[in-house]
Amino acid sequence: MIVSALATAVGVNLGLTVLLVSAYSLLRRRPPFVSVYAPRRPYAPLESWLAAAWRRSEDDIHAAAGLDGVVFVRIFVFSIRLFAVVAVVGVGVLMPINFMGDQLQLIDFTDLPSKSVDVLSISNVQDGSNKLWLHFSAVYIITGVACYLLYYEYRYISGKRLEYFMTSKPLPQYFTVLVRAIPITDGGSVSDAVDKFFKEYHSSTYLSHTVVHQTGKLRRLLVRFSSFGYICIA
């Protein structure tokens, strides 16, 4: 890639970003868009929506948009952390190593816009060079960091979800009960018998059911959970 082409691409993307942010800032107060983009939290007249959104805490987001809003924001947090590590490894370690290679001709800074940026890539490292192990190791380091961050975010969001269920009012759909030996009438299916039984005796808490015909795998799960100390009621 030519340096001038790279600079043009960066400039176009930055220009589009500024244009879209400016358009949102101007159009969000127009009558057709107020119902969609009006802020739920009142801001001062001169307070920038971008700065105000940046200062909002996670508790504010949870109160305004719920747990789904928090998860959406955590996606951006995960991306920022991951790409920060990628930038440090790529720009701070790999790029200088690539630049010091001699596979390609050295860049001429007197005619920089028309030169290629390949000298900053792995293409400038000699074939069979021991420096390639650094690129190989960088892939595993970044992969390990990504896996750790995914695990961290999974535990964090799972904890938030569990906290939400623990603090909210219990609802029937939060629970599943394993039952058996439901009386079946002649000529009727098992599913109809289960549905009729629970609608008649547990109509206030019954939502739906699933019939398990092949119970071999289910029995193995019950034995496994029993070994962990869980109590299974059937």
# chains A, B, ... in the order shown; residues from 1 in each chain; ligands from 1
>>> residues_around(residues="stretch 142-151 of chain A", least_positions_apart="4", cutoff="8 Å", atoms="only C-alpha atoms", output="list of chain:residue names")
A:Phe78, A:Leu82, A:Val85, A:Val86, A:Ala138, A:Arg155
>>> write_last_selection(atoms="C-alpha atoms", output="PDB file, in the first residue's frame")
ATOM      1  CA  PHE A  78     -13.586  -5.466  25.500  1.00  0.00           C
ATOM      2  CA  LEU A  82      -7.960  -5.962  23.124  1.00  0.00           C
ATOM      3  CA  VAL A  85      -2.796  -4.680  23.496  1.00  0.00           C
ATOM      4  CA  VAL A  86      -2.639  -5.308  19.742  1.00  0.00           C
ATOM      5  CA  ALA A 138       2.925 -12.280  19.048  1.00  0.00           C
ATOM      6  CA  ARG A 155     -17.568 -13.879  34.347  1.00  0.00           C
TER       7      ARG A 155
END
>>> residues_around(residues="A:Leu132", least_positions_apart="2", cutoff="12 Å", atoms="only C-alpha atoms", output="list in words")
Leu94, Ile97, Asn98, Gly101, Ser121, Ile122, Ser123, Asn124, Val125, Gln126, Asp127, Gly128, Ser129, Asn130, Leu134, His135, Phe136, Ser137, Ala138 and Val139 of chain A
>>> select_by_dssp(residues="stretch 119-165 of chain A", states="alpha helix (DSSP H)", output="PyMOL selection string")
chain A and resi 132-165
>>> atom_distance(atom1="atom CA of A:Arg74", atom2="atom CA of A:Tyr164")
16.4 Å
>>> residues_around(residues="A:Phe33", least_positions_apart="6", cutoff="12 Å", atoms="only C-alpha atoms", output="list in words")
Ala23, Tyr24, Ser25, Leu26, Leu27 and Pro39 of chain A
>>> write_last_selection(atoms="N, CA and C atoms", output="PDB file, in the first residue's frame")
ATOM      1  N   ALA A  23     -23.951  15.375  12.222  1.00  0.00           N
ATOM      2  CA  ALA A  23     -25.332  15.201  11.770  1.00  0.00           C
ATOM      3  C   ALA A  23     -26.223  14.715  12.902  1.00  0.00           C
ATOM      4  N   TYR A  24     -25.717  13.795  13.705  1.00  0.00           N
ATOM      5  CA  TYR A  24     -26.505  13.314  14.843  1.00  0.00           C
ATOM      6  C   TYR A  24     -26.750  14.434  15.846  1.00  0.00           C
ATOM      7  N   SER A  25     -25.724  15.235  16.111  1.00  0.00           N
ATOM      8  CA  SER A  25     -25.869  16.329  17.068  1.00  0.00           C
ATOM      9  C   SER A  25     -26.915  17.343  16.611  1.00  0.00           C
ATOM     10  N   LEU A  26     -27.014  17.559  15.304  1.00  0.00           N
ATOM     11  CA  LEU A  26     -27.968  18.537  14.781  1.00  0.00           C
ATOM     12  C   LEU A  26     -29.375  17.963  14.637  1.00  0.00           C
ATOM     13  N   LEU A  27     -29.474  16.712  14.213  1.00  0.00           N
ATOM     14  CA  LEU A  27     -30.783  16.139  13.895  1.00  0.00           C
ATOM     15  C   LEU A  27     -31.492  15.532  15.099  1.00  0.00           C
ATOM     16  N   PRO A  39     -32.650  12.160  24.863  1.00  0.00           N
ATOM     17  CA  PRO A  39     -32.005  11.518  26.014  1.00  0.00           C
ATOM     18  C   PRO A  39     -32.995  11.265  27.134  1.00  0.00           C
TER      19      PRO A  39
END
>>> atom_distance(atom1="atom CA of A:Ala193", atom2="atom CA of A:Pro170")
27.2 Å
